[in-house]
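In what follows, a structure is listed as structure tokens, so that the remarks can point back to it.
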Amino acid sequence: MAGVTIEVKIDNTNTVLENLADVKVRALMKCGAIVENYAKQDAPVDTGYLRNSIQHEMEDGDTVDIGTDVEYAVFQELGTSRGVTEKRFLTNGVRNHISEYKTIIEEEFRKG
């Protein structure tokens, strides 16, 4: 009996990698929007300028930045030796909701 050889010469590696990159960006942007929302909820408010300045944006395909360009934000976030108590509104926006972000990432990768 003669052997049968089947050779498949289809390579979808690039398509799969592109799709994974798209899913990763989508998941990161969803997480970034949620972190932004939590940070805005926890940000100290006097005039609302700091709270309204908090934004998220895709830095590259691997990183979402969440933050503000308000100069005094760092003092509100970390506190000072002169009596400003740390608020950790940005840090806690990430740290306190890790399981939520894991769920979002898992769901996005399941969707494909």
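Following the order of the structure tokens, first chain is A, next is B, and so on, with residues numbered from 1 inside each chain and ligands from 1 in the order they appear.
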Neighbouring residues of Val64 in chain A were defined as those with any atom within 8 Å, considering only C-alpha atoms; residues of the same chain fewer than 4 positions away were excluded. Please report them as a list in words.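 Counting only C-alpha atoms, the residues come to Leu28, Met29, Gly32, His56, Glu57, Met58, Glu59 and Asp60 of chain A.
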Hey, what does DSSP flag as helix (DSSP H, G or I) within range 31-83 of chain A? Can you give it to me as a PyMOL selection string? chain A and resi 31-42+49-53+73-78
Write the residues you've just listed into a file as a compact mmCIF listing (two decimals), in the first residue's frame, and include N, CA, C and O atoms for each of them.
```
# COMPACT_ATOMS: atom_id res chain seq x y z
N CYS A 31 -9.63 48.90 29.53
CA CYS A 31 -9.11 49.00 30.89
C CYS A 31 -8.71 50.44 31.21
O CYS A 31 -8.98 50.95 32.29
N GLY A 32 -8.08 51.11 30.26
CA GLY A 32 -7.67 52.50 30.46
C GLY A 32 -8.84 53.41 30.73
O GLY A 32 -8.79 54.28 31.60
N ALA A 33 -9.93 53.20 30.01
CA ALA A 33 -11.13 54.03 30.23
C ALA A 33 -11.71 53.80 31.62
O ALA A 33 -12.16 54.74 32.28
N ILE A 34 -11.65 52.57 32.08
CA ILE A 34 -12.19 52.26 33.40
C ILE A 34 -11.29 52.83 34.50
O ILE A 34 -11.77 53.40 35.48
N VAL A 35 -9.97 52.69 34.33
CA VAL A 35 -9.04 53.29 35.30
C VAL A 35 -9.27 54.80 35.35
O VAL A 35 -9.32 55.39 36.43
N GLU A 36 -9.40 55.42 34.19
CA GLU A 36 -9.66 56.87 34.14
C GLU A 36 -10.91 57.22 34.94
O GLU A 36 -10.92 58.17 35.72
N ASN A 37 -11.95 56.44 34.77
CA ASN A 37 -13.20 56.69 35.48
C ASN A 37 -13.02 56.58 37.00
O ASN A 37 -13.48 57.44 37.75
N TYR A 38 -12.35 55.51 37.45
CA TYR A 38 -12.11 55.35 38.89
C TYR A 38 -11.25 56.49 39.43
O TYR A 38 -11.50 57.01 40.51
N ALA A 39 -10.22 56.88 38.68
CA ALA A 39 -9.35 57.97 39.13
C ALA A 39 -10.12 59.27 39.25
O ALA A 39 -9.94 60.03 40.20
N LYS A 40 -11.00 59.53 38.30
CA LYS A 40 -11.83 60.74 38.36
C LYS A 40 -12.77 60.71 39.55
O LYS A 40 -13.02 61.74 40.18
N GLN A 41 -13.30 59.54 39.87
CA GLN A 41 -14.20 59.42 41.03
C GLN A 41 -13.46 59.72 42.33
O GLN A 41 -14.04 60.29 43.26
N ASP A 42 -12.18 59.32 42.39
CA ASP A 42 -11.40 59.45 43.63
C ASP A 42 -10.56 60.72 43.70
O ASP A 42 -9.98 61.01 44.75
N TYR A 49 -10.70 71.06 38.07
CA TYR A 49 -9.69 71.11 37.02
C TYR A 49 -8.86 69.83 36.98
O TYR A 49 -8.65 69.25 35.90
N LEU A 50 -8.39 69.37 38.14
CA LEU A 50 -7.60 68.14 38.19
C LEU A 50 -8.42 66.95 37.71
O LEU A 50 -8.00 66.21 36.83
N ARG A 51 -9.59 66.78 38.27
CA ARG A 51 -10.46 65.65 37.90
C ARG A 51 -10.72 65.64 36.38
O ARG A 51 -10.62 64.61 35.74
N ASN A 52 -11.05 66.78 35.82
CA ASN A 52 -11.38 66.85 34.40
C ASN A 52 -10.18 66.66 33.48
O ASN A 52 -10.35 66.38 32.29
N SER A 53 -8.98 66.80 34.03
CA SER A 53 -7.78 66.66 33.21
C SER A 53 -7.31 65.21 33.08
O SER A 53 -6.45 64.91 32.26
N ALA A 73 -0.82 67.67 40.41
CA ALA A 73 -1.40 66.33 40.56
C ALA A 73 -0.49 65.41 41.37
O ALA A 73 -0.97 64.63 42.19
N VAL A 74 0.80 65.50 41.14
CA VAL A 74 1.74 64.64 41.86
C VAL A 74 1.66 64.88 43.37
O VAL A 74 1.77 63.94 44.17
N PHE A 75 1.44 66.12 43.79
CA PHE A 75 1.34 66.42 45.22
C PHE A 75 0.04 65.88 45.80
O PHE A 75 0.00 65.46 46.96
N GLN A 76 -1.02 65.89 45.01
CA GLN A 76 -2.28 65.31 45.45
C GLN A 76 -2.18 63.79 45.51
O GLN A 76 -2.70 63.15 46.43
N GLU A 77 -1.51 63.21 44.54
CA GLU A 77 -1.36 61.76 44.48
C GLU A 77 -0.48 61.24 45.62
O GLU A 77 -0.85 60.30 46.32
N LEU A 78 0.68 61.86 45.82
CA LEU A 78 1.68 61.33 46.74
C LEU A 78 1.75 62.05 48.08
O LEU A 78 2.40 61.56 49.00
```
I'd like the interatomic distance between CA of Lys24 in chain A and CA of Ala43 in chain A, to a tenth of an Å.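 Straight-line distance from CA of Lys24 in chain A to CA of Ala43 in chain A works out to 27.8 Å.
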Shell of 12 Å around Ala21 in chain A, only C-alpha atoms, local chain residues under 5 positions omitted, as a PyMOL selection string: chain A and resi 14-16+26-28+60-63+108-109+112
Same residues, N, CA and C atoms, output as a CSV table (one decimal), in the first residue's frame:
```
chain,number,residue,atom,x,y,z
A,14,ASN,N,0.8,35.7,10.3
A,14,ASN,CA,0.8,37.1,10.3
A,14,ASN,C,-0.7,37.6,10.6
A,15,THR,N,-1.7,37.0,10.0
A,15,THR,CA,-3.0,37.4,10.3
A,15,THR,C,-3.4,37.2,11.8
A,16,VAL,N,-3.0,36.0,12.3
A,16,VAL,CA,-3.3,35.7,13.7
A,16,VAL,C,-2.6,36.7,14.6
A,26,ARG,N,-7.6,46.8,22.0
A,26,ARG,CA,-9.0,46.9,22.4
A,26,ARG,C,-9.1,46.7,24.0
A,27,ALA,N,-8.5,45.6,24.5
A,27,ALA,CA,-8.5,45.3,25.9
A,27,ALA,C,-7.9,46.4,26.7
A,28,LEU,N,-6.7,46.9,26.3
A,28,LEU,CA,-6.0,47.9,27.0
A,28,LEU,C,-6.8,49.2,27.1
A,60,ASP,N,1.6,53.2,22.8
A,60,ASP,CA,2.1,52.3,21.7
A,60,ASP,C,1.1,51.1,21.7
A,61,GLY,N,1.4,50.1,21.0
A,61,GLY,CA,0.5,49.0,21.0
A,61,GLY,C,0.5,48.2,22.2
A,62,ASP,N,1.4,48.5,23.2
A,62,ASP,CA,1.6,47.7,24.4
A,62,ASP,C,1.3,48.5,25.7
A,63,THR,N,1.0,49.8,25.6
A,63,THR,CA,0.9,50.6,26.8
A,63,THR,C,-0.2,51.6,26.7
A,108,GLU,N,-12.0,39.9,26.2
A,108,GLU,CA,-11.6,40.4,24.9
A,108,GLU,C,-10.8,39.4,24.1
A,109,PHE,N,-9.9,38.6,24.7
A,109,PHE,CA,-9.2,37.6,24.0
A,109,PHE,C,-10.1,36.4,23.6
A,112,GLY,N,-11.8,37.5,20.5
A,112,GLY,CA,-10.9,37.5,19.4
A,112,GLY,C,-11.0,38.6,18.5
```
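Restricting the calculation to only C-alpha atoms, the smallest distance between Val25 in chain A and any of A:Thr91, A:Gly48, A:Thr80, A:Ile105 is found for A:Ile105.
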Check the smallest atom-to-atom distance from each of A:Ile104, A:Pro44, A:Gly67, A:Arg110 to Glu86 in chain A using only C-alpha atoms, then report the winner.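 Comparing A:Ile104, A:Pro44, A:Gly67, A:Arg110 against Glu86 in chain A, the winner is A:Pro44.
Those residues in chain A carrying a DSSP assignment of strand (DSSP E), computed from the backbone, are Gln55, His56, Glu57, Met58, Glu59, Asp60, Thr63, Val64, Asp65, Ile66 and Gly67 of chain A.
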Store the residues picked out above, limited to all heavy atoms, as a CSV table (one decimal), in the first residue's frame.
```
chain,number,residue,atom,x,y,z
A,55,GLN,N,-6.9,61.6,31.9
A,55,GLN,CA,-7.2,61.0,30.6
A,55,GLN,C,-6.4,59.7,30.4
A,55,GLN,O,-5.5,59.5,31.1
A,55,GLN,CB,-6.9,62.0,29.4
A,55,GLN,CG,-7.6,63.2,29.4
A,55,GLN,CD,-7.2,64.1,28.2
A,55,GLN,OE1,-6.3,63.8,27.4
A,55,GLN,NE2,-7.8,65.3,28.1
A,56,HIS,N,-6.9,58.9,29.4
A,56,HIS,CA,-6.1,57.7,29.1
A,56,HIS,C,-5.8,57.8,27.6
A,56,HIS,O,-6.6,58.4,26.8
A,56,HIS,CB,-6.8,56.4,29.4
A,56,HIS,CG,-8.0,56.1,28.5
A,56,HIS,ND1,-9.2,56.8,28.6
A,56,HIS,CD2,-8.1,55.2,27.5
A,56,HIS,CE1,-10.0,56.3,27.7
A,56,HIS,NE2,-9.4,55.3,27.1
A,57,GLU,N,-4.7,57.3,27.2
A,57,GLU,CA,-4.4,57.2,25.7
A,57,GLU,C,-3.4,56.1,25.5
A,57,GLU,O,-2.6,55.7,26.3
A,57,GLU,CB,-3.8,58.6,25.2
A,57,GLU,CG,-2.5,58.9,25.9
A,57,GLU,CD,-1.9,60.3,25.4
A,57,GLU,OE1,-2.7,61.2,25.1
A,57,GLU,OE2,-0.7,60.4,25.3
A,58,MET,N,-3.5,55.6,24.3
A,58,MET,CA,-2.6,54.5,23.9
A,58,MET,C,-1.2,55.1,23.5
A,58,MET,O,-1.1,56.0,22.7
A,58,MET,CB,-3.2,53.8,22.6
A,58,MET,CG,-2.3,52.6,22.2
A,58,MET,SD,-2.1,51.2,23.3
A,58,MET,CE,-3.8,50.6,23.5
A,59,GLU,N,-0.2,54.6,24.3
A,59,GLU,CA,1.2,55.1,24.0
A,59,GLU,C,1.8,54.4,22.8
A,59,GLU,O,2.4,55.0,22.0
A,59,GLU,CB,2.0,54.9,25.3
A,59,GLU,CG,3.4,55.3,25.2
A,59,GLU,CD,3.6,56.8,25.1
A,59,GLU,OE1,2.7,57.5,25.5
A,59,GLU,OE2,4.6,57.2,24.5
A,60,ASP,N,1.6,53.2,22.8
A,60,ASP,CA,2.1,52.3,21.7
A,60,ASP,C,1.1,51.1,21.7
A,60,ASP,O,0.2,51.1,22.4
A,60,ASP,CB,3.5,52.0,21.8
A,60,ASP,CG,3.9,51.3,23.1
A,60,ASP,OD1,3.0,50.6,23.6
A,60,ASP,OD2,5.0,51.5,23.6
A,63,THR,N,1.0,49.8,25.6
A,63,THR,CA,0.9,50.6,26.8
A,63,THR,C,-0.2,51.6,26.7
A,63,THR,O,-0.4,52.2,25.7
A,63,THR,CB,2.2,51.3,27.1
A,63,THR,OG1,3.3,50.5,27.1
A,63,THR,CG2,2.2,52.1,28.4
A,64,VAL,N,-1.0,51.6,27.8
A,64,VAL,CA,-2.0,52.7,27.9
A,64,VAL,C,-1.5,53.6,29.1
A,64,VAL,O,-1.3,53.1,30.2
A,64,VAL,CB,-3.4,52.2,28.2
A,64,VAL,CG1,-4.4,53.3,28.6
A,64,VAL,CG2,-3.9,51.4,27.0
A,65,ASP,N,-1.4,54.9,28.8
A,65,ASP,CA,-1.1,55.8,29.8
A,65,ASP,C,-2.4,56.4,30.4
A,65,ASP,O,-3.2,56.9,29.6
A,65,ASP,CB,-0.2,56.9,29.3
A,65,ASP,CG,1.2,56.5,28.9
A,65,ASP,OD1,1.6,55.5,29.5
A,65,ASP,OD2,1.8,57.1,28.1
A,66,ILE,N,-2.4,56.5,31.7
A,66,ILE,CA,-3.6,57.2,32.4
A,66,ILE,C,-2.9,58.2,33.3
A,66,ILE,O,-2.1,57.9,34.1
A,66,ILE,CB,-4.4,56.2,33.3
A,66,ILE,CG1,-5.0,55.1,32.4
A,66,ILE,CG2,-5.5,56.9,34.0
A,66,ILE,CD1,-4.3,53.8,32.5
A,67,GLY,N,-3.3,59.4,33.1
A,67,GLY,CA,-2.7,60.5,34.0
A,67,GLY,C,-3.3,61.8,33.6
A,67,GLY,O,-4.3,62.0,33.0
```
